[in-house]
Every structure is written in structure tokens, then in C-alpha cells.
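Reading through the C-alpha cells given below for one structure.
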Amino acid sequence: MKKVSILIPCYNEEQSLPLLYRELSVAVNAIPRYGWEILFVNDGSCDGTLDVIKSLRKQDARICYVDLSRNFGKENAMLAGFDYVTGDCTVVMDADLQHPPHLIPQMLQYWEEGFDDVYAKRLYRSKESWLRKRLSLLYYRMLSKMTKIDILRDVGDFRLLDRCCIETLKRLRETERYSKGLFCWMGYRKKEIVFEPGDRVAGRSTWNFKSLLQLSLEGLTSYTTAPLRISTFTGIIVSLSAFVYGFYVFVKALLYGDPVQGYPNTMIVMLFLGGVQLLSIGILGEYLARIFHETKRRPPYIAREYNDEKITWMKKPDEIA
Ligand code: UDP
Ligand code: MG
């Protein structure tokens, strides 16, 4: 019997989890021809999420969990999940029921047909402001222009991944993760299905404008060095024009003299060049920061407990019985 894992990163989801479990178990029980594993990754929640998971585990032996030592963010929580899932394929979904479990049978069907990565595309972005929609559209356009890989719009982390994808993702252990990009980068046979996302059932979304901005920057700088090139090109163009203009000023001064005039254009040139330089340094800094984080070689997450068993530092998931 093939085994299907469901991977759910959770951060402060004590209210959503019972509802999620109810819907999930209905969906899962309807397909008895697979073995099931429901793996919750508790991403350092500060509410009773872990207790809820533990009590669910007492009712249902298919439930497993990994408890992280603190909040490492959804990206790293997902990686922890990839390390610990045991199924032949894995469905990644959010805990807040925005990813409807009734899509799982359809995903499995495509998986049986030989697709390795069945991803769900949002039909519309629910309850998002006009500005956020516009900005995200603009961002994806820019991202796909700059990177060589097509990063799909409106496709989140709700997807079914074959074992081969999981093994690949486990080996991509970059600290500044941007899974959306990794899924597209790794390739494999992909299949799209569409769904209408619901609203969060309980709790609050932890994403705010700042964290979205951070994730967007991560997406850009971990997938393309195009911004570096932009600053190089701007640098070349600006210095060339500065040189031409300088030559013109020099010749003019030689021919006609220049008694203290020219203060305004000196200022303009100075400010402009200063701006371009700061921008370029900023871009360099972004990449430098990525290199800095990567060279520290810290693990992307620390697991504290797996299914009631304490985990010692850096014990590999496969070493656990
Ligand atoms: N999540 C997590 N760690 C975090 C933030 C979020 O594991 O630091 C989980 C959260 O519990 C949920 C999923 O990631 O299952 C998506 O989070 P959320 O609903 O806040 O994001 P949104 O749906 O607004 O993109
Ligand atoms: Mg959500």
C-alpha cells in the first residue's frame, strides 16, 4: 500500500487545528486505499498548538509531529517537514483551511498518472487590498523578467510532491529559503489544478507588509543576480555621461571662463551620482548579506521533539527509529 503524507506547518493555530483535523479526516477516510500520515510541524507556537497536536495524536495514530525549538518561519518549518515525512508522496498545506482538503483526491489522481508536482493555483486573491494585488502583479512580472526560471503567480505552497521532489528539496539546504522559487527551479513533471481559497477559519495571518517585502527581496536576490547587473549598467551609463558633461564644462571654461557660476549643476551631478552609488552599494549589500548568512552554515531549524521522543542536537531524521 502506498503511503501519503500530509505536511502542515503550524504557528499559533490552536483554534484552527481541531477544525482542520475534522475536515482532513473526512477527506482521508474517504480514500482508504492509501496509508496516511499527517505530520504537523509546530513552528515554536506560543499558544497551546503543541498540546492540541498531542491530544489529536492520542485519538489518531496516523498523526505525527515535529516540534521546533523556536519559531523559524514557515519556509524552514516546511523544510523540517520534508526531512521527517515518510510517505511516497507528500501534500503540503496550511493549517488555516485556506487550502481545502477536498482537493487531495484530485491531486492523488494526477500523481497516479505520473505527475511529480501537482500544485494548486489560487483562482482569486481573497480579501486582499487593491494595492496589495497590484504590487504582487508588478512583482511577479519583474521576477519572471529578471530570473531565467518562470516563478508562477498565485501558486502557493499547497501542492503534492512525489518522493523524488522531497529528496531533492531536502538537499537544497540554503538558509535564505524561498520555496516558491525552489519548486519551480527543481523542475520535474508538473500539473496545475485551480481552487478558490477560503478565508482563514481562526487565528490571524502572521504575514504583514514587512514580512512580504522581505520575502519578495529574498525571492529576487536568491534567484537572480540581475539587480547587480542593473547597477553595473547604470554605473557605466552615468559615468560615461558624467565624463562627456565634464569634458563639455572643461572646454567651456577654457574658451569662455566661468566666474563662480555652475553651482546648481555641480549640485545636481553630485546628488545624482551619490544616489546611484548608494543604490549600487545597497544592492551589493543585499548579496553580501546572503553570502554572510550562508557561510555561517547554521542549520535552518532545530527540532526538539519528534513523536514524543526528545531529539538531541542535529540527530538526523533517518536515524530516528
Ligand atoms: N506558519 C508557520 N510559521 C510561521 C508563520 C506561519 O509555520 O512563522 C504557518 C501557519 O501556521 C499556516 C501557514 O504557515 O499554517 C500559512 O500562514 P498564514 O496563514 O499566516 O499565511 P497566509 O495564508 O496569510 O499567507
Ligand atoms: Mg493563511
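All residue names refer to the C-alpha cells as shown: chains lettered A, B, ... in order, residues numbered from 1 in each chain, ligands numbered from 1 in order.
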
Taking only C-alpha atoms and all ligand atoms and a cut-off of 6 Å, can you tell me which residues surround ligand 1, written as a count of residues only?
15

Contact check, region 111-167 of chain A to region 188-192 of chain A, at most 9 Å, counting only C-alpha atoms, closest pairs as a Markdown table:
```
| residue | atom | partner | partner_atom | distance |
| --- | --- | --- | --- | --- |
| A:Trp111 | CA | A:Lys191 | CA | 8.9 |
| A:Gly114 | CA | A:Arg189 | CA | 7.9 |
| A:Phe115 | CA | A:Arg189 | CA | 5.2 |
| A:Asp116 | CA | A:Arg189 | CA | 5.2 |
| A:Asp117 | CA | A:Lys190 | CA | 4.7 |
| A:Val118 | CA | A:Lys191 | CA | 4.7 |
| A:Tyr119 | CA | A:Glu192 | CA | 5.2 |
| A:Ala120 | CA | A:Glu192 | CA | 5.9 |
| A:Lys121 | CA | A:Glu192 | CA | 6.7 |
| A:Cys164 | CA | A:Tyr188 | CA | 8.8 |
| A:Cys165 | CA | A:Tyr188 | CA | 7.6 |
```

Would you pick out the contacts of Arg171 (chain A) at 12 Å or less, using only C-alpha atoms, so that residues sharing its chain but fewer than 2 positions from it are not included, and give the list as a ChimeraX atom specification?
/A:79-80,82-83,164-169,173-175,182,186

Write out the residues from the selection above, keeping N, CA and C atoms, as a compact mmCIF listing (two decimals), in the first residue's frame.
```txt
# COMPACT_ATOMS: atom_id res chain seq x y z
N LEU A 79 10.77 22.84 5.52
CA LEU A 79 11.96 22.01 5.31
C LEU A 79 12.04 20.93 6.38
N ALA A 80 11.74 21.31 7.64
CA ALA A 80 11.74 20.32 8.72
C ALA A 80 10.76 19.21 8.36
N PHE A 82 9.80 18.25 5.37
CA PHE A 82 10.36 17.42 4.29
C PHE A 82 11.33 16.39 4.86
N ASP A 83 12.09 16.79 5.90
CA ASP A 83 13.05 15.87 6.49
C ASP A 83 12.35 14.71 7.20
N CYS A 164 10.55 11.87 -5.09
CA CYS A 164 11.76 12.38 -5.75
C CYS A 164 11.91 13.89 -5.53
N CYS A 165 10.79 14.63 -5.51
CA CYS A 165 10.86 16.07 -5.26
C CYS A 165 11.30 16.32 -3.82
N ILE A 166 10.74 15.53 -2.89
CA ILE A 166 11.08 15.71 -1.47
C ILE A 166 12.57 15.49 -1.26
N GLU A 167 13.10 14.42 -1.87
CA GLU A 167 14.53 14.13 -1.71
C GLU A 167 15.38 15.27 -2.28
N THR A 168 14.93 15.84 -3.40
CA THR A 168 15.66 16.98 -3.98
C THR A 168 15.61 18.17 -3.04
N LEU A 169 14.41 18.48 -2.57
CA LEU A 169 14.26 19.67 -1.70
C LEU A 169 15.06 19.52 -0.42
N ARG A 173 19.66 23.01 0.92
CA ARG A 173 19.55 23.50 2.30
C ARG A 173 20.04 24.93 2.43
N GLU A 174 19.64 25.78 1.52
CA GLU A 174 20.05 27.18 1.66
C GLU A 174 19.32 27.81 2.84
N THR A 175 20.02 28.69 3.54
CA THR A 175 19.41 29.27 4.73
C THR A 175 18.33 30.29 4.39
N LEU A 182 12.15 27.53 -5.37
CA LEU A 182 12.77 26.20 -5.41
C LEU A 182 11.89 25.20 -6.15
N MET A 186 13.39 23.33 -9.43
CA MET A 186 13.76 21.90 -9.47
C MET A 186 13.15 21.17 -10.67
```

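Taking the backbone of this structure through DSSP, the residues of region 70-298 of chain A that come out as strand (DSSP E) are Cys89, Thr90, Val91, Val92, Asp117, Val118, Tyr119, Ala120, Lys121, Arg122, Val155, Gly156, Asp157, Phe158, Arg159, Leu160, Leu161, Asp162, Lys190, Lys191, Glu192, Ile193, Val194 and Phe195 of chain A.
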
Got a sec: who's within 12 Å of Gln277 (chain A), counting only C-alpha atoms, leaving out chain neighbours fewer than 3 positions off, as an MDAnalysis selection string?
chainID A and resid 231:232 234:236 238:239 270:274 280:284

Atoms kept (N, CA and C atoms) for selection, written as a compact mmCIF listing (two decimals), in the first residue's frame:
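Dumped to selection-v3.txt:
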```
# COMPACT_ATOMS: atom_id res chain seq x y z
N SER A 231 22.91 47.63 -11.64
CA SER A 231 23.72 48.70 -11.04
C SER A 231 25.00 48.89 -11.84
N THR A 232 25.55 47.81 -12.41
CA THR A 232 26.74 47.95 -13.25
C THR A 232 26.43 48.81 -14.48
N THR A 234 23.88 50.90 -14.98
CA THR A 234 23.60 52.30 -14.62
C THR A 234 24.91 53.01 -14.34
N GLY A 235 25.81 52.33 -13.64
CA GLY A 235 27.11 52.91 -13.33
C GLY A 235 27.84 53.32 -14.60
N ILE A 236 27.87 52.40 -15.60
CA ILE A 236 28.56 52.69 -16.86
C ILE A 236 27.95 53.90 -17.55
N VAL A 238 25.98 56.28 -16.34
CA VAL A 238 26.13 57.53 -15.59
C VAL A 238 27.56 58.05 -15.68
N SER A 239 28.55 57.15 -15.55
CA SER A 239 29.93 57.66 -15.61
C SER A 239 30.27 58.17 -16.99
N MET A 270 26.36 65.97 -8.40
CA MET A 270 26.84 65.34 -7.17
C MET A 270 25.75 64.48 -6.52
N LEU A 271 24.57 65.09 -6.42
CA LEU A 271 23.47 64.37 -5.78
C LEU A 271 23.11 63.13 -6.57
N PHE A 272 23.06 63.28 -7.89
CA PHE A 272 22.66 62.17 -8.74
C PHE A 272 23.66 61.01 -8.61
N LEU A 273 24.94 61.38 -8.73
CA LEU A 273 25.97 60.33 -8.62
C LEU A 273 25.93 59.68 -7.24
N GLY A 274 25.76 60.52 -6.22
CA GLY A 274 25.68 59.98 -4.85
C GLY A 274 24.55 58.98 -4.74
N SER A 280 23.75 51.30 -5.68
CA SER A 280 24.60 50.17 -6.06
C SER A 280 25.18 49.50 -4.82
N ILE A 281 25.60 50.30 -3.85
CA ILE A 281 26.16 49.72 -2.63
C ILE A 281 25.08 48.91 -1.91
N GLY A 282 23.86 49.46 -1.93
CA GLY A 282 22.75 48.74 -1.29
C GLY A 282 22.54 47.38 -1.92
N ILE A 283 22.55 47.34 -3.26
CA ILE A 283 22.35 46.07 -3.96
C ILE A 283 23.48 45.11 -3.61
N LEU A 284 24.71 45.60 -3.65
CA LEU A 284 25.85 44.76 -3.27
C LEU A 284 25.66 44.20 -1.87
```

Nearest residue to ligand 2 out of A:Lys2, A:His293, A:Arg159, A:His99, using only C-alpha atoms and all ligand atoms?
A:His99
